[in-house]
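Chemist: My structure is in structure15.txt, and what it holds is compact mmCIF, C-alpha atoms:
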```
# COMPACT_ATOMS: atom_id res chain seq x y z
CA LYS A 278 1.84 27.78 2.34
CA GLY A 279 -1.00 30.21 3.03
CA MET A 280 -3.17 27.53 4.64
CA PHE A 281 -0.36 26.55 7.06
CA LYS A 282 0.02 30.21 8.04
CA HIS A 283 -3.73 30.44 8.58
CA LEU A 284 -3.77 27.32 10.78
CA ARG A 285 -0.87 28.59 12.90
CA SER A 286 -2.83 31.82 13.37
CA VAL A 287 -5.87 29.81 14.50
CA SER A 288 -3.71 27.99 17.02
CA ARG A 289 -2.12 31.19 18.39
CA GLN A 290 -5.46 32.95 18.75
CA GLY A 291 -6.76 30.18 20.98
CA PHE A 292 -9.94 29.29 19.12
CA ASP A 293 -12.10 26.77 20.95
CA ILE A 294 -12.72 24.52 17.98
CA ILE A 295 -11.95 23.90 14.31
CA HIS A 296 -14.98 22.91 12.23
CA HIS A 297 -13.83 21.20 9.03
CA HIS A 298 -16.29 20.74 6.17
CA ALA A 299 -15.32 17.67 4.13
CA PRO A 300 -14.36 16.88 1.49
CA ASN A 301 -11.95 19.80 1.35
CA PRO A 302 -8.46 18.60 0.39
CA THR A 303 -7.00 22.11 0.41
CA MET A 304 -7.69 22.28 4.14
CA LEU A 305 -7.43 18.60 5.08
CA VAL A 306 -3.77 18.11 4.13
CA PRO A 307 -2.47 21.26 5.88
CA LEU A 308 -4.60 20.38 8.91
CA ALA A 309 -2.96 16.97 9.09
CA PHE A 310 0.53 18.48 9.07
CA SER A 311 -0.15 21.57 11.18
CA GLY A 312 0.41 19.99 14.59
CA ILE A 313 -2.21 22.24 16.19
CA LYS A 314 -4.09 20.77 19.12
CA THR A 315 -7.34 22.75 18.80
CA PRO A 316 -10.32 20.36 19.08
CA LEU A 317 -11.74 19.30 15.71
CA VAL A 318 -15.25 18.49 14.50
CA ILE A 319 -16.06 17.49 10.93
CA THR A 320 -19.20 17.92 8.87
CA HIS A 321 -18.97 15.26 6.16
CA HIS A 322 -20.91 16.46 3.11
CA SER A 323 -19.82 13.85 0.60
CA ASP A 324 -17.46 11.01 -0.09
CA VAL A 325 -14.96 11.60 -2.87
CA ILE A 326 -16.57 9.57 -5.64
CA ASN A 327 -15.46 10.38 -9.19
CA GLN A 328 -11.88 11.45 -8.53
CA LYS A 329 -10.50 7.96 -7.89
CA ARG A 330 -6.85 9.04 -7.62
CA LEU A 331 -7.74 11.90 -5.28
CA ARG A 332 -9.84 9.53 -3.17
CA TYR A 333 -6.89 7.14 -2.87
CA LEU A 334 -4.42 9.93 -2.02
CA LEU A 335 -6.73 11.58 0.52
CA ARG A 336 -7.73 8.43 2.38
CA PRO A 337 -4.83 8.45 4.91
CA PHE A 338 -5.43 12.14 5.66
CA GLN A 339 -9.15 11.57 6.02
CA HIS A 340 -8.60 8.74 8.47
CA TRP A 341 -6.11 10.87 10.42
CA ALA A 342 -8.62 13.73 10.69
CA TYR A 343 -11.64 11.54 11.44
CA ARG A 344 -9.74 9.67 14.17
CA ARG A 345 -8.69 12.99 15.68
CA ALA A 346 -12.17 14.54 15.49
CA LYS A 347 -14.32 14.70 18.60
CA TYR A 348 -17.47 14.44 16.46
CA VAL A 349 -18.25 13.68 12.83
CA PHE A 350 -21.54 15.03 11.50
CA CYS A 351 -23.45 14.15 8.36
CA THR A 352 -26.84 15.31 7.13
CA SER A 353 -28.82 12.11 6.60
CA PRO A 354 -29.21 8.68 8.21
CA LYS A 355 -29.02 7.01 4.77
CA TYR A 356 -25.75 8.77 4.06
CA ALA A 357 -24.39 7.74 7.47
CA SER A 358 -25.13 4.08 6.74
CA GLY A 359 -24.05 4.19 3.08
CA SER A 360 -20.62 5.79 3.39
CA GLU A 361 -17.75 3.35 3.87
CA LEU A 362 -15.65 6.10 5.45
CA LEU A 363 -18.36 7.14 7.91
CA GLN A 364 -18.93 3.53 8.94
CA CYS A 365 -15.36 3.48 10.29
CA TYR A 366 -16.29 6.29 12.71
CA ARG A 367 -19.87 5.49 13.67
CA ASN A 368 -18.92 5.69 17.37
CA LYS A 369 -18.49 9.46 16.97
CA LEU A 370 -20.98 10.01 14.13
CA GLU A 371 -24.04 12.22 14.63
CA VAL A 372 -26.73 12.83 12.03
CA LEU A 373 -27.75 16.50 11.86
CA PRO A 374 -30.41 16.82 9.15
CA LEU A 375 -30.43 20.01 7.14
CA GLY A 376 -33.50 22.06 7.80
CA ILE A 377 -35.08 25.43 7.99
CA ASP A 378 -37.93 27.07 9.86
CA ILE A 379 -40.77 26.84 7.33
CA ASP A 380 -43.18 29.22 9.12
CA PRO A 381 -41.99 32.34 7.25
CA TYR A 382 -42.67 30.52 3.98
CA LEU A 383 -46.13 29.39 5.05
CA GLN A 384 -47.12 32.88 6.21
CA PRO A 385 -45.09 35.39 4.17
CA ASN A 386 -45.13 39.03 5.24
CA ASP A 387 -46.33 41.90 3.02
CA PRO A 388 -42.87 42.90 1.64
CA THR A 389 -42.22 39.26 0.69
CA LEU A 390 -45.58 39.01 -1.07
CA ALA A 391 -44.86 42.26 -2.95
CA GLU A 392 -41.47 40.92 -4.10
CA THR A 393 -43.13 37.68 -5.21
CA ARG A 394 -45.63 39.64 -7.31
CA ARG A 395 -42.78 41.68 -8.84
CA LEU A 396 -40.77 38.56 -9.73
CA ASN A 397 -43.84 36.88 -11.21
CA ALA A 398 -44.58 39.99 -13.33
CA VAL A 399 -41.01 40.04 -14.68
CA HIS A 400 -40.35 36.30 -15.09
CA GLY A 401 -43.74 34.56 -15.09
CA LYS A 402 -44.78 31.53 -13.08
CA PRO A 403 -43.51 29.22 -11.81
CA LEU A 404 -40.05 30.51 -11.07
CA TRP A 405 -37.52 27.84 -10.08
CA LEU A 406 -34.51 28.87 -7.99
CA ILE A 407 -31.02 27.41 -7.53
CA VAL A 408 -28.50 29.01 -5.19
CA GLY A 409 -24.95 27.67 -4.96
CA ARG A 410 -21.65 27.00 -6.68
CA LEU A 411 -21.91 25.74 -10.24
CA LEU A 412 -20.18 22.37 -9.97
CA TYR A 413 -20.80 19.10 -11.83
CA TYR A 414 -21.95 17.12 -8.79
CA LYS A 415 -24.81 19.53 -8.08
CA GLY A 416 -26.65 18.18 -11.13
CA ILE A 417 -27.74 21.59 -12.42
CA ASP A 418 -27.40 20.36 -15.99
CA ASN A 419 -30.05 17.72 -15.19
CA GLU A 420 -32.34 20.37 -13.75
CA LEU A 421 -31.99 22.50 -16.87
CA GLN A 422 -32.75 19.48 -19.06
CA ALA A 423 -35.79 18.58 -16.93
CA LEU A 424 -37.20 22.10 -17.16
CA ARG A 425 -37.59 21.67 -20.91
CA GLY A 426 -40.66 19.57 -20.12
CA VAL A 427 -42.34 21.77 -17.53
CA PRO A 428 -43.55 25.37 -17.48
CA GLY A 429 -41.61 28.20 -15.90
CA LYS A 430 -38.16 29.71 -15.76
CA ILE A 431 -35.15 28.89 -13.66
CA MET A 432 -33.12 31.54 -11.84
CA ILE A 433 -29.58 30.55 -10.87
CA ILE A 434 -27.70 32.54 -8.27
CA GLY A 435 -24.05 31.62 -8.03
CA GLY A 436 -20.93 31.10 -10.03
CA GLY A 437 -18.33 28.45 -10.64
CA PRO A 438 -16.44 26.47 -13.23
CA LEU A 439 -19.58 25.37 -15.10
CA GLU A 440 -21.09 28.83 -15.50
CA ALA A 441 -20.40 29.20 -19.25
CA GLU A 442 -21.47 25.63 -19.99
CA LEU A 443 -24.72 26.01 -18.03
CA ARG A 444 -25.46 29.34 -19.70
CA GLY A 445 -25.12 27.61 -23.05
CA LEU A 446 -27.36 24.76 -21.96
CA ALA A 447 -29.94 27.23 -20.66
CA GLN A 448 -30.01 28.99 -24.04
```
Represent the structure contained in this file as structure tokens.
Modeler:
Amino acid sequence: KGMFKHLRSVSRQGFDIIHHHAPNPTMLVPLAFSGIKTPLVITHHSDVINQKRLRYLLRPFQHWAYRRAKYVFCTSPKYASGSELLQCYRNKLEVLPLGIDIDPYLQPNDPTLAETRRLNAVHGKPLWLIVGRLLYYKGIDNELQALRGVPGKIMIIGGGPLEAELRGLAQ
């Protein structure tokens, strides 16, 4: 009910575009039934893989949204060619690789170097970092297992349903 209210608000405010990040069933279904005409673009992050029933139930809504979308984006050419869903919409598919400007990392400034020294003094070297939601498909459990065989510590910034389990694994 709240998502429908939110979408109607988007429509009334005259936004230029709706950018849907998929998969996101809690937004996809209301979007399909909202009737708003605001142009839509989709960034497709992943197919629904393990939740077979959810995948089956979502498929008609996904096709509705992807047909309606002006553009569909994904982050890798291999993913674009390997996704059955994306193959249906290759005429509007654009690959936008994830990336960052690496110059600040190649030539860190003095405050960054000072913070690096502080972190190394507190935690040792190397220090591995994960930032994000703690969900099964991120593979953080595999990273924790792998770090048993290499030096260093891992710092995890984020929360989610696997937090307690991952804390236990880290111990």
Chemist: I'd like the neighbourhood of Trp405 of chain A as a ChimeraX atom specification, where a residue qualifies if any of its atoms comes within 8 Å (using all atoms listed in the file), though same-chain residues fewer than 6 positions away should be ignored.
Modeler: /A:429-432
Chemist: Take the residues that were just selected and, keeping C-alpha atoms, output them as a PDB file, in the frame of the given file.
Modeler:
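As written to disk, out.pdb reads:
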```pdb
ATOM      1  CA  GLY A 429     -41.610  28.200 -15.900  1.00  0.00           C
ATOM      2  CA  LYS A 430     -38.160  29.710 -15.760  1.00  0.00           C
ATOM      3  CA  ILE A 431     -35.150  28.890 -13.660  1.00  0.00           C
ATOM      4  CA  MET A 432     -33.120  31.540 -11.840  1.00  0.00           C
TER       5      MET A 432
END
```
Chemist: Taking all atoms listed in the file into account, name the residue in A:Arg345, A:His296, A:Arg336, A:Arg330 that is nearest to Gly312 of chain A.
Modeler: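 Using all atoms listed in the file, the shortest distance to Gly312 of chain A belongs to A:Arg345.
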Chemist: Nearest residue to Gln448 of chain A out of A:Gln422, A:Ile434, A:Leu406, A:Thr320, using all atoms listed in the file?
Modeler: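 So, comparing all the options, the nearest one is A:Gln422.
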Chemist: Separation of atom CA of Ser358 of chain A and atom CA of Leu370 of chain A, in Å?
Modeler: 10.3 Å
Chemist: Set the distance at 12 Å and use all atoms listed in the file: which residues neighbour Gln328 of chain A once local chain neighbours fewer than 6 positions away are removed? I'd like the list as number ranges by chain.
Modeler: A: 300, 302, 334-335, 414
Chemist: Excluding Lys369 of chain A and residues on its chain fewer than 4 positions from it, collect all residues at most 7 Å away from it, counting only C-alpha atoms, and give them as a PyMOL selection string.
Modeler: chain A and resi 347-349
Chemist: Just give me the gap between atom CA of Leu404 of chain A and atom CA of Ser353 of chain A in Å, one decimal is fine.
Modeler: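 Between atom CA of Leu404 of chain A and atom CA of Ser353 of chain A the gap works out to 27.9 Å.
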Chemist: Using all atoms listed in the file, can you tell me which of A:Arg425, A:Glu442, A:Ile379, A:Trp341 comes closest to Val306 of chain A?
Modeler: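 Distance minimum relative to Val306 of chain A lands on A:Trp341.
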Chemist: Find the residues around Leu362 of chain A up to 9 Å (only C-alpha atoms counted), leave out those fewer than 4 positions away in its own chain, and share them as a PDB file with C-alpha atoms, in the coordinates of the input.
Modeler:
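Listing of part.pdb after writing:
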```
ATOM      1  CA  ASP A 324     -17.460  11.010  -0.090  1.00  0.00           C
ATOM      2  CA  ARG A 336      -7.730   8.430   2.380  1.00  0.00           C
ATOM      3  CA  GLN A 339      -9.150  11.570   6.020  1.00  0.00           C
ATOM      4  CA  HIS A 340      -8.600   8.740   8.470  1.00  0.00           C
ATOM      5  CA  TYR A 366     -16.290   6.290  12.710  1.00  0.00           C
TER       6      TYR A 366
END
```
Chemist: Report the distance between atom CA of Glu371 of chain A and atom CA of Pro316 of chain A in Å, rounded to one decimal place.
Modeler: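 Going from atom CA of Glu371 of chain A over to atom CA of Pro316 of chain A, I get 16.6 Å.
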Chemist: Could you work out an axis-aligned bounding box for all listed atoms of segment 420-429 of chain A, with 5 Å added on each of the six sides, and give its centre and edge lengths in Å to one decimal, as lines of an AutoDock Vina configuration file?
Modeler:
```
center_x = -37.8
center_y = 23.4
center_z = -17.3
size_x = 21.6
size_y = 19.6
size_z = 17.2
```
Chemist: Let me make sure I understand: among A:Leu308, A:Thr393, A:Phe292, A:Pro374, which one has the smallest atom-to-atom distance to Tyr343 of chain A if we use all atoms listed in the file?
Modeler: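 Nearest to Tyr343 of chain A: A:Leu308.
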Chemist: Name the closest residue to Leu411 of chain A among the candidates A:Gly376, A:Gly436, A:Pro381, A:Gly426; distances are taken between atoms, counting all atoms listed in the file.
Modeler: A:Gly436
Chemist: Determine the nearest neighbour of Phe338 of chain A from the options A:Gly359, A:Pro438, A:Pro307, A:Pro385, counting all atoms listed in the file.
Modeler: A:Pro307
Chemist: Give as a VMD selection string each residue that has an atom at most 9 Å from (-29.7, 15.1, 13.8) in the file, counting only C-alpha atoms.
Modeler: chain A and resid 350 to 354 371 to 375
Chemist: Write the residues you've just listed into a file as a tab-separated table (two decimals), in the coordinates of the input, and include C-alpha atoms for each of them.
Modeler:
```
chain	number	residue	atom	x	y	z
A	350	PHE	CA	-21.54	15.03	11.50
A	351	CYS	CA	-23.45	14.15	8.36
A	352	THR	CA	-26.84	15.31	7.13
A	353	SER	CA	-28.82	12.11	6.60
A	354	PRO	CA	-29.21	8.68	8.21
A	371	GLU	CA	-24.04	12.22	14.63
A	372	VAL	CA	-26.73	12.83	12.03
A	373	LEU	CA	-27.75	16.50	11.86
A	374	PRO	CA	-30.41	16.82	9.15
A	375	LEU	CA	-30.43	20.01	7.14
```
Chemist: Write out as a short mmCIF file (atom, residue, chain, number, x, y, z; two decimals) with C-alpha atoms, in the frame of the given file which residues come within 7 Å of Ala299 of chain A when counting all atoms listed in the file, dropping same-chain ones fewer than 6 positions away.
Modeler:
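File written: part.cif
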```cif
data_model
loop_
_atom_site.label_atom_id
_atom_site.label_comp_id
_atom_site.auth_asym_id
_atom_site.auth_seq_id
_atom_site.Cartn_x
_atom_site.Cartn_y
_atom_site.Cartn_z
CA ILE A 319 -16.06 17.49 10.93
CA THR A 320 -19.20 17.92 8.87
CA HIS A 321 -18.97 15.26 6.16
CA HIS A 322 -20.91 16.46 3.11
CA SER A 323 -19.82 13.85 0.60
#
```
